[in-house]
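*Asks:* My structure is in protein-v8.pdb, and what it holds is PDB, C-alpha atoms (C1' of nucleotides):
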ATOM      1  CA  MET A 247    -123.463 -18.136 187.480
ATOM      2  CA  TRP A 248    -126.965 -19.205 188.429
ATOM      3  CA  ILE A 249    -128.816 -22.317 187.310
ATOM      4  CA  SER A 250    -132.340 -22.391 186.007
ATOM      5  CA  GLU A 251    -134.547 -24.806 187.896
ATOM      6  CA  THR A 252    -136.697 -25.727 184.920
ATOM      7  CA  ASN A 253    -134.101 -26.911 182.438
ATOM      8  CA  ASN A 254    -131.138 -27.239 184.804
ATOM      9  CA  GLN A 255    -129.057 -24.989 182.593
ATOM     10  CA  PRO A 256    -127.350 -21.662 183.281
ATOM     11  CA  ILE A 257    -129.656 -18.693 182.909
ATOM     12  CA  THR A 258    -128.915 -16.165 180.226
ATOM     13  CA  LYS A 259    -127.383 -12.789 180.870
ATOM     14  CA  PHE A 260    -130.641 -11.231 179.854
ATOM     15  CA  GLN A 261    -132.454 -12.971 182.688
ATOM     16  CA  ALA A 262    -129.679 -12.171 185.144
ATOM     17  CA  SER A 263    -129.858  -8.477 184.301
ATOM     18  CA  VAL A 264    -133.610  -8.500 184.625
ATOM     19  CA  TYR A 265    -133.532 -10.024 188.094
ATOM     20  CA  LYS A 266    -130.718  -7.784 189.237
ATOM     21  CA  LEU A 267    -132.514  -4.683 188.082
ATOM     22  CA  ILE A 268    -135.821  -5.670 189.633
ATOM     23  CA  SER A 269    -134.216  -6.419 192.964
ATOM     24  CA  ARG A 270    -133.359  -2.709 193.200
ATOM     25  CA  ILE A 271    -136.980  -1.643 193.411
ATOM     26  CA  PRO A 272    -137.662  -0.352 196.928
ATOM     27  CA  SER A 273    -140.613  -1.618 198.932
ATOM     28  CA  GLY A 274    -143.724   0.483 198.451
ATOM     29  CA  LYS A 275    -142.838   1.280 194.843
ATOM     30  CA  ILE A 276    -143.551  -0.560 191.603
ATOM     31  CA  SER A 277    -142.362  -0.490 188.035
ATOM     32  CA  THR A 278    -143.581  -1.546 184.628
ATOM     33  CA  TYR A 279    -142.335  -4.141 182.196
ATOM     34  CA  GLN A 280    -141.459  -1.348 179.866
ATOM     35  CA  GLN A 281    -139.474   0.538 182.486
ATOM     36  CA  VAL A 282    -137.496  -2.603 183.179
ATOM     37  CA  ALA A 283    -136.888  -3.030 179.468
ATOM     38  CA  ARG A 284    -135.700   0.564 179.351
ATOM     39  CA  GLY A 285    -133.359  -0.079 182.250
ATOM     40  CA  LEU A 286    -131.867  -2.901 180.215
ATOM     41  CA  LYS A 287    -131.442  -0.567 177.253
ATOM     42  CA  ASN A 288    -133.820  -2.714 175.229
ATOM     43  CA  PRO A 289    -136.904  -0.496 175.260
ATOM     44  CA  ARG A 290    -138.688  -2.927 172.971
ATOM     45  CA  ALA A 291    -138.097  -5.985 175.125
ATOM     46  CA  ALA A 292    -141.014  -5.566 177.512
ATOM     47  CA  ARG A 293    -142.459  -8.841 176.316
ATOM     48  CA  ALA A 294    -139.204 -10.673 176.812
ATOM     49  CA  VAL A 295    -139.007  -9.279 180.345
ATOM     50  CA  GLY A 296    -142.407 -10.740 181.097
ATOM     51  CA  ASN A 297    -141.274 -14.017 179.653
ATOM     52  CA  ALA A 298    -138.229 -14.027 181.909
ATOM     53  CA  LEU A 299    -140.278 -13.238 185.005
ATOM     54  CA  ASN A 300    -142.861 -15.851 184.153
ATOM     55  CA  ARG A 301    -140.255 -18.584 184.472
ATOM     56  CA  ASN A 302    -138.712 -16.672 187.336
ATOM     57  CA  PRO A 303    -136.237 -19.086 188.927
ATOM     58  CA  PHE A 304    -135.901 -16.878 192.038
ATOM     59  CA  ALA A 305    -139.476 -16.778 193.203
ATOM     60  CA  PRO A 306    -139.225 -15.015 196.602
ATOM     61  CA  GLU A 307    -135.770 -13.520 196.151
ATOM     62  CA  VAL A 308    -136.757 -11.217 193.343
ATOM     63  CA  PRO A 309    -139.797  -8.966 193.957
ATOM     64  CA  CYS A 310    -141.357  -9.809 190.629
ATOM     65  CA  HIS A 311    -144.776  -8.799 191.990
ATOM     66  CA  ARG A 312    -143.668  -5.177 191.787
ATOM     67  CA  ILE A 313    -143.734  -5.291 187.998
ATOM     68  CA  ILE A 314    -146.965  -4.279 186.293
ATOM     69  CA  LYS A 315    -148.145  -3.225 182.861
ATOM     70  CA  SER A 316    -147.360   0.208 181.479
ATOM     71  CA  ASN A 317    -151.038   1.212 181.536
ATOM     72  CA  GLY A 318    -151.222   0.687 185.302
ATOM     73  CA  ALA A 319    -153.027  -2.658 185.212
ATOM     74  CA  VAL A 320    -151.520  -5.272 187.485
ATOM     75  CA  GLY A 321    -150.896  -7.794 184.739
ATOM     76  CA  GLY A 322    -150.243 -11.475 185.266
ATOM     77  CA  PHE A 323    -148.496 -13.487 187.906
ATOM     78  CA  ALA A 324    -147.276 -17.075 187.956
ATOM     79  CA  ASP A 325    -148.831 -17.706 191.377
ATOM     80  CA  GLY A 326    -152.087 -15.935 190.519
ATOM     81  CA  THR A 327    -152.853 -12.293 189.916
ATOM     82  CA  LYS A 328    -154.797 -12.058 193.151
ATOM     83  CA  LYS A 329    -151.752 -13.050 195.140
ATOM     84  CA  LYS A 330    -149.803 -10.367 193.367
ATOM     85  CA  ILE A 331    -152.338  -7.723 194.300
ATOM     86  CA  ALA A 332    -152.440  -8.876 197.906
ATOM     87  CA  MET A 333    -148.665  -8.630 198.205
ATOM     88  CA  LEU A 334    -148.632  -5.148 196.742
ATOM     89  CA  ARG A 335    -151.331  -3.952 199.095
ATOM     90  CA  LYS A 336    -149.283  -5.265 201.997
ATOM     91  CA  GLU A 337    -146.532  -2.956 200.821
ATOM     92  CA  ARG A 338    -148.870   0.011 201.066
ATOM     93  CA  VAL A 339    -149.436   0.242 197.343
ATOM     94  CA  GLU A 340    -152.898   1.582 196.657
ATOM     95  CA  ILE A 341    -154.762  -0.350 193.961
ATOM     96  CA  LYS A 342    -157.983   0.926 192.448
ATOM     97  CA  LYS A 343    -160.085  -1.492 190.454
ATOM     98  CA  GLY A 344    -157.079  -3.593 189.599
ATOM     99  CA  LYS A 345    -155.040  -0.590 188.558
ATOM    100  CA  ILE A 346    -152.235   1.386 190.167
ATOM    101  CA  ASN A 347    -151.570   5.129 190.055
ATOM    102  CA  LEU A 348    -148.299   5.223 188.165
ATOM    103  CA  ASP A 349    -147.702   8.910 188.848
ATOM    104  CA  LYS A 350    -147.548   8.055 192.521
ATOM    105  CA  TYR A 351    -145.909   4.637 192.717
ATOM    106  CA  LEU A 352    -143.830   4.213 189.581
ATOM    107  CA  TYR A 353    -140.136   3.700 190.262
ATOM    108  CA  VAL A 354    -137.782   4.886 187.541
ATOM    109  CA  PHE A 355    -134.418   3.191 187.295
ATOM    110  CA  PRO A 356    -131.404   5.470 187.463
ATOM    111  CA  LYS A 357    -129.185   5.606 184.410
TER     112      LYS A 357
ATOM    113  C1'  DG B 141    -132.332 -23.725 162.391
ATOM    114  C1'  DT B 142    -137.318 -22.864 162.328
ATOM    115  C1'  DG B 143    -141.660 -22.008 164.290
ATOM    116  C1'  DT B 144    -144.542 -21.273 168.469
ATOM    117  C1'  DT B 145    -145.440 -19.084 172.771
ATOM    118  C1'  DG B 146    -146.112 -15.413 176.214
ATOM    119  C1'  DA B 147    -146.585 -12.012 183.486
ATOM    120  C1'  DC B 148    -146.268  -6.832 176.794
ATOM    121  C1'  DC B 149    -147.041  -2.301 174.027
ATOM    122  C1'  DA B 150    -149.025   0.958 170.767
ATOM    123  C1'  DC B 151    -152.352   2.207 167.650
ATOM    124  C1'  DA B 152    -156.666   1.883 165.019
ATOM    125  C1'  DG B 153    -161.742   1.327 164.923
TER     126       DG B 153
ATOM    127  C1'  DG C 143    -164.515   2.340 177.397
ATOM    128  C1'  DC C 144    -163.268  -2.389 174.806
ATOM    129  C1'  DT C 145    -161.635  -5.392 170.929
ATOM    130  C1'  DG C 146    -158.626  -6.474 167.192
ATOM    131  C1'  DT C 147    -154.187  -6.195 164.848
ATOM    132  C1'  DG C 148    -149.306  -5.791 164.186
ATOM    133  C1'  DG C 149    -144.905  -5.481 166.176
ATOM    134  C1'  DC C 150    -141.211  -6.469 169.395
ATOM    135  C1'  DC C 151    -137.900  -9.687 172.041
ATOM    136  C1'  DA C 152    -136.094 -13.822 174.298
ATOM    137  C1'  DA C 153    -137.055 -18.756 175.746
ATOM    138  C1'  DC C 154    -138.337 -23.279 174.313
ATOM    139  C1'  DA C 155    -139.829 -27.507 171.633
TER     140       DA C 155
END
Take the structure in this file and express it as structure tokens.
*Replies:*
Amino acid sequence: MWISETNNQPITKFQASVYKLISRIPSGKISTYQQVARGLKNPRAARAVGNALNRNPFAPEVPCHRIIKSNGAVGGFADGTKKKIAMLRKERVEIKKGKINLDKYLYVFPK
DNA sequence: GTGTTGACCACAG
DNA sequence: GCTGTGGCCAACA
């Protein structure tokens, strides 16, 4: 089991599943908070997913920058939204006016 | 155990 | 197009 760096306690299973699921996203693709929530079979938990990523104990290990809002906007990022955008562009993800073409880049988790 | 907070979402105006 | 409102869920004080 992993240990959270902030409170020095074991992370919850919810967080573990979030990180595990996100780590499956291939480079050059992105997903939304809602898609992640759907992958966890909690379609309503998009907000909780964001909360988990915000505290993200595994900063570079988990590609949390590949998670954006369901409307295509980039959303927030603990290290700064601009950083997030820069990282995505390095992965050949096209971003127009702070938004991403979901039809082209959205990654859907397999059942 | 209760209330607040937040990298969210959908809908109304 | 943008703003406001209500709802949802899990973490935290």
*Asks:* To one decimal place, how far is CA of Ala294 (chain A) from CA of Cys310 (chain A) in Å?
*Replies:*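 Answer for the CA of Ala294 (chain A) to CA of Cys310 (chain A) separation: 14.0 Å.
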*Asks:* Which residues would end up in the selection if the PyMOL selection byres ((chain B and resi 148) around 10) were applied here, given that I need the answer as a list in words?
*Replies:* Thr278, Tyr279, Gln280, Arg290, Ala291, Ala292, Arg293, Ala294, Val295, Gly296, Asn297, Ile314, Lys315, Ser316 and Gly321 of chain A; DG146, DA147 and DC149 of chain B; DC150 of chain C
*Asks:* Go ahead and dump the residues you just picked, C-alpha atoms (C1' of nucleotides), as a CSV table (one decimal), keeping the file's coordinate frame.
*Replies:*
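Saved as again_20.csv:
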chain,number,residue,atom,x,y,z
A,278,THR,CA,-143.6,-1.5,184.6
A,279,TYR,CA,-142.3,-4.1,182.2
A,280,GLN,CA,-141.5,-1.3,179.9
A,290,ARG,CA,-138.7,-2.9,173.0
A,291,ALA,CA,-138.1,-6.0,175.1
A,292,ALA,CA,-141.0,-5.6,177.5
A,293,ARG,CA,-142.5,-8.8,176.3
A,294,ALA,CA,-139.2,-10.7,176.8
A,295,VAL,CA,-139.0,-9.3,180.3
A,296,GLY,CA,-142.4,-10.7,181.1
A,297,ASN,CA,-141.3,-14.0,179.7
A,314,ILE,CA,-147.0,-4.3,186.3
A,315,LYS,CA,-148.1,-3.2,182.9
A,316,SER,CA,-147.4,0.2,181.5
A,321,GLY,CA,-150.9,-7.8,184.7
B,146,DG,C1',-146.1,-15.4,176.2
B,147,DA,C1',-146.6,-12.0,183.5
B,149,DC,C1',-147.0,-2.3,174.0
C,150,DC,C1',-141.2,-6.5,169.4
*Asks:* So how far away is CA of Ser269 (chain A) from CA of Val308 (chain A), in Å?
*Replies:*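 Between these atoms lies a distance of 5.4 Å.
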*Asks:* Care to translate the PyMOL selection byres ((chain C) within 12 of (chain A)) into actual residues of this file, as number ranges by chain?
*Replies:* C: 149-154
*Asks:* Go ahead and write the residues just picked, C-alpha atoms (C1' of nucleotides), as a CSV table (one decimal), keeping the file's coordinate frame.
*Replies:*
chain,number,residue,atom,x,y,z
C,149,DG,C1',-144.9,-5.5,166.2
C,150,DC,C1',-141.2,-6.5,169.4
C,151,DC,C1',-137.9,-9.7,172.0
C,152,DA,C1',-136.1,-13.8,174.3
C,153,DA,C1',-137.1,-18.8,175.7
C,154,DC,C1',-138.3,-23.3,174.3
*Asks:* Mind telling me what the PyMOL selection byres ((chain A and resi 320) around 8) catches here, as a list of chain:residue names?
*Replies:*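 Answer for the PyMOL selection byres ((chain A and resi 320) around 8): A:Ile313, A:Ile314, A:Lys315, A:Gly318, A:Ala319, A:Gly321, A:Gly322, A:Thr327, A:Lys330, A:Ile331, A:Gly344, A:Lys345, A:Ile346.
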*Asks:* Taking every listed atom of chain B and adding 6 Å to each side, what centre and edge lengths in Å (one decimal) does the axis-aligned box have, as JSON?
*Replies:*
{"center_x": -147.0, "center_y": -10.8, "center_z": 172.9, "size_x": 41.4, "size_y": 37.9, "size_z": 33.2}
*Asks:* In Å, how far is it from CA of His311 (chain A) to CA of Ser277 (chain A)?
*Replies:*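 Separating CA of His311 (chain A) from CA of Ser277 (chain A) is a distance of 9.5 Å.
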*Asks:* List the spatial neighbours of Ile268 (chain A) as a PDB file with C-alpha atoms, in the frame of the given file - criterion: any atom at most 8 Å away, all atoms listed in the file, same-chain residues fewer than 3 positions off excluded.
*Replies:*
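Contents of the output file selection_25.pdb:
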ATOM      1  CA  VAL A 264    -133.610  -8.500 184.625  1.00  0.00           C
ATOM      2  CA  TYR A 265    -133.532 -10.024 188.094  1.00  0.00           C
ATOM      3  CA  ILE A 271    -136.980  -1.643 193.411  1.00  0.00           C
ATOM      4  CA  VAL A 282    -137.496  -2.603 183.179  1.00  0.00           C
ATOM      5  CA  VAL A 308    -136.757 -11.217 193.343  1.00  0.00           C
ATOM      6  CA  PRO A 309    -139.797  -8.966 193.957  1.00  0.00           C
ATOM      7  CA  CYS A 310    -141.357  -9.809 190.629  1.00  0.00           C
TER       8      CYS A 310
END
*Asks:* Need the shell around DA152 (chain B): protein/DNA/RNA residues with any atom at most 12 Å away, counting only C-alpha atoms (C1' of nucleotides). Skip same-chain ones fewer than 2 positions apart. Format as a list of chain:residue names?
*Replies:*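 Contacts, in chain order: B:DA150, C:DT145, C:DG146, C:DT147, C:DG148.
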*Asks:* May I have the residues from that selection written out with C-alpha atoms (C1' of nucleotides), as an mmCIF file, in the coordinates of the input?
*Replies:*
data_model
loop_
_atom_site.group_PDB
_atom_site.id
_atom_site.type_symbol
_atom_site.label_atom_id
_atom_site.label_comp_id
_atom_site.auth_asym_id
_atom_site.auth_seq_id
_atom_site.Cartn_x
_atom_site.Cartn_y
_atom_site.Cartn_z
ATOM 1 C "C1'" DA B 150 -149.025 0.958 170.767
ATOM 2 C "C1'" DT C 145 -161.635 -5.392 170.929
ATOM 3 C "C1'" DG C 146 -158.626 -6.474 167.192
ATOM 4 C "C1'" DT C 147 -154.187 -6.195 164.848
ATOM 5 C "C1'" DG C 148 -149.306 -5.791 164.186
#
*Asks:* Point out the residue among A:Met333, A:Ala324, A:Ile249, A:Leu286 with the least atom-to-atom distance to chain B, counting all atoms listed in the file.
*Replies:*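 Comparing A:Met333, A:Ala324, A:Ile249, A:Leu286 against chain B, the winner is A:Ala324.
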